[in-house]
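Trainee: Would you mind keeping the following structure in view while I ask a few things?
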Amino acid sequence: MNLWEQNIRKVVPYVPGEQPQQEDRIKLNTNENPYPPSPSVYQAHQSADVGSFALYPDPSAGELVKKLEGYYGLEDGQVFVGVGSDDVLSLAFLTFFNSEKPILFPDVTYSFYPVWADVYRIPYECVPLDDSFHICPEDYARPNGGVVIANPNAPTSMGLKRKEVEEIIRSNQDVIVIIDEAYIDFGGETALPLLKEYENLLVVRTYSKSRSLAGMRIGFAMGNKRLIQAMNDVKESINSYTMSQEAIRVGVAAIDDEEVFQQNLKKVIRTRERSKEELEKRGFIVFDSQTNFLFARHSQIPAEKLFDALRERRIYVRHFGSERIHNYLRITIGTDEQMDILFRALDEEIKNFY
Ligand SMILES: *Cc1c(COP(=O)(O)O)cnc(C)c1O
């Protein structure tokens with residue numbers, strides 16, 4: 001090994017779901033929304049002033065921040081925006097998790113958490129979910145350097161009640177508790193009302209799933225002003241201009257179209273409930289989902305076998321190799337037509353198996 005190699009930061013990166021570039025693929029592997037963004041987003045995009053691309057954007061993304069503060073009934077200074085919630089979460093780790101004590105998160109959760117902890121050299125401990133894959137709030141009542149919980153959790157699709165989230169926050173008032181609400185618009189109880197009572201709470205959201213804007217990279221955090229100020233200080237020590245003009249404009253416009261937003265949520269939820277039944281008819285065990293995906297295992301057929309067979313048929317779902325969940329598939333809710341293609345493919349594969 002060359003000496004200079006010793007000074008390279010070595011990390012094992014997060015592996016996102018495949019993004020096949022061919023159009024004939026059915027993508028049910030990264031929890032994107034199957035419906036296009038709202039008409040107001042199209043309008044905002046079309047009215048972009050290309051000449052102004054010569055200028056830097058507003059470093060505070062003030063318009064977008066204000067819009068979100070208004071929409072969620074918060075005060076000035078309670079919202080932080082970033083390049084997708086991955087950017088927001090990573091910055092929150094860097095800002096808030098500076099203790100010698102380990103941070104805590106579930107053993108089965110968003111697999112980016114251990115990656116950020118590693119890259120920032122934050123010690124961590126994984127807290128096992130119970131046998132039915134639920135988070136036990138009482139397990140988080142122990143010394144730690146911070147807590148991060150995805151609610152609803154991914155990839156299990158199940159959420160905690162607000163009371164349970166509150167129990168975790170209440171027993172951890174000396175550290176920051178991050179609640180990652182990437183999927184909250186599809187069901188589940190938000191922790192937002194708890195912001196009034198707990199100044200150590202940070203709620204993180206994204207436009208990528210419920211607002212059909214994964215490609216725009218917009219995420220945000222809500223919390224008390226001192227937390228948001230601390231995040232802004234760290235962000236401005238790294239990169240002043242994180243949000244492009246386009247992301248700011250589109251992010252504002254998306255909030256204006258509440259009706260289309262609600263309609264799309266309803267469609268996804270309806271398809272989710274139907275899909276759960278269809279999978280159960282075909283021998284799957286499926287968790288109750290409060291998200292835009294289903295987490296399921298087949299009673300007979302190994303998940304990896306189904307994953308490969310579906311991929312051959314150009315249907316992409318997600319399979320995680322880790323020990324507790326290697327026999328499960330995470331299936332994003334697509335359109336009804338896409339789901340029907342999936343069910344037909346499963347019918348054939350299941351028949352072939354026996
Ligand atoms: C998708 C996802 C994110 C990140 O989404 P962005 O596209 O970066 O906003 C964060 N947390 C969880 C649990 C997710 O599933």
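Ligands are numbered from 1 in the order shown, chains are lettered A, B, ... in the order of the structure tokens, and residues start at 1 in each chain.
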If the limit is 10 Å from any atom of ligand 1, counting only C-alpha atoms and all ligand atoms, which residues qualify? Return them as a ChimeraX atom specification.
Mentor: /A:16,30-32,82-90,109-113,149-155,157,179-184,204-209,213-220,291-293
Trainee: Using only C-alpha atoms, which protein or nucleic acid residues come within 7 Å of Ala141 in chain A? Drop anything in the same chain fewer than 3 positions from it, and give the result as a list in words.
Mentor: Glu138, Ser171 and Asn172 of chain A
Trainee: I need the residues from that last selection saved to file as a PDB file, in the first residue's frame (with C-alpha atoms), if you can.
Mentor:
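That gives us part-v9.pdb:
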```
ATOM      1  CA  GLU A 138     -38.699   1.313  25.500  1.00  0.00           C
ATOM      2  CA  SER A 171     -36.831   9.461  27.209  1.00  0.00           C
ATOM      3  CA  ASN A 172     -34.096  11.157  25.138  1.00  0.00           C
TER       4      ASN A 172
END
```
Trainee: Given the choices A:Tyr328, A:Phe287, A:Tyr120, A:Tyr42, which gets closest to Asn98 in chain A if the distance is worked out from only C-alpha atoms?
Mentor: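 Comparing A:Tyr328, A:Phe287, A:Tyr120, A:Tyr42 against Asn98 in chain A, the winner is A:Tyr120.
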Trainee: Could you tell me, as a list in words, which residues of range 14-71 of chain A DSSP assigns to helix (DSSP H, G or I) when given the backbone?
Mentor: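 Taking range 14-71 of chain A and keeping helix (DSSP H, G or I) only, one gets Pro39, Ser40, Val41, Tyr42, Gln43, Ala44, His45, Gln46, Val50, Gly51, Ser52, Phe53, Ala54, Gly62, Glu63, Leu64, Val65, Lys66, Lys67, Leu68, Glu69, Gly70 and Tyr71 of chain A.
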Trainee: Report the residues of range 200-250 of chain A whose backbone DSSP state falls under strand (DSSP E or B), written as a list in words.
Mentor: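 Written out, the strand (DSSP E or B) residues of range 200-250 of chain A are Leu201, Leu202, Val203, Val204, Arg205, Thr206, Gly219, Phe220, Ala221, Met222 and Gly223 of chain A.
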Trainee: With C-alpha atoms retained, export the selected residues as a compact mmCIF listing (two decimals), in the first residue's frame.
Mentor:
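Everything below was put into again-v2.txt:
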```txt
# COMPACT_ATOMS: atom_id res chain seq x y z
CA LEU A 201 -37.01 16.88 17.85
CA LEU A 202 -36.16 17.17 14.16
CA VAL A 203 -38.74 15.96 11.60
CA VAL A 204 -37.38 15.25 8.10
CA ARG A 205 -39.51 15.01 4.94
CA THR A 206 -38.98 14.62 1.20
CA GLY A 219 -35.99 17.49 1.08
CA PHE A 220 -36.51 19.48 4.26
CA ALA A 221 -36.30 19.39 8.03
CA MET A 222 -38.60 21.00 10.58
CA GLY A 223 -37.57 21.77 14.11
```
Trainee: I want to know what sits within 8 Å of Val65 in chain A, based on only C-alpha atoms, with residues of the same chain fewer than 6 positions away left out; could you give that as a tab-separated table (two decimals) with C-alpha atoms, in the first residue's frame?
Mentor:
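Okay, result.tsv is ready:
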```tsv
chain	number	residue	atom	x	y	z
A	79	VAL	CA	-37.53	24.89	8.18
A	80	PHE	CA	-34.26	23.79	6.58
A	81	VAL	CA	-34.18	22.68	2.93
```
Trainee: Looking at A:Pro143, A:Pro302, A:Gly159, A:Pro59, which one is nearest to Ser289 in chain A, with distances taken over only C-alpha atoms?
Mentor: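 With only C-alpha atoms as the atom set, the closest residue is A:Gly159.
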Trainee: What is the CA of Gln290 in chain A to CA of Met158 in chain A distance in Å?
Mentor: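 Between CA of Gln290 in chain A and CA of Met158 in chain A the gap is 5.8 Å.
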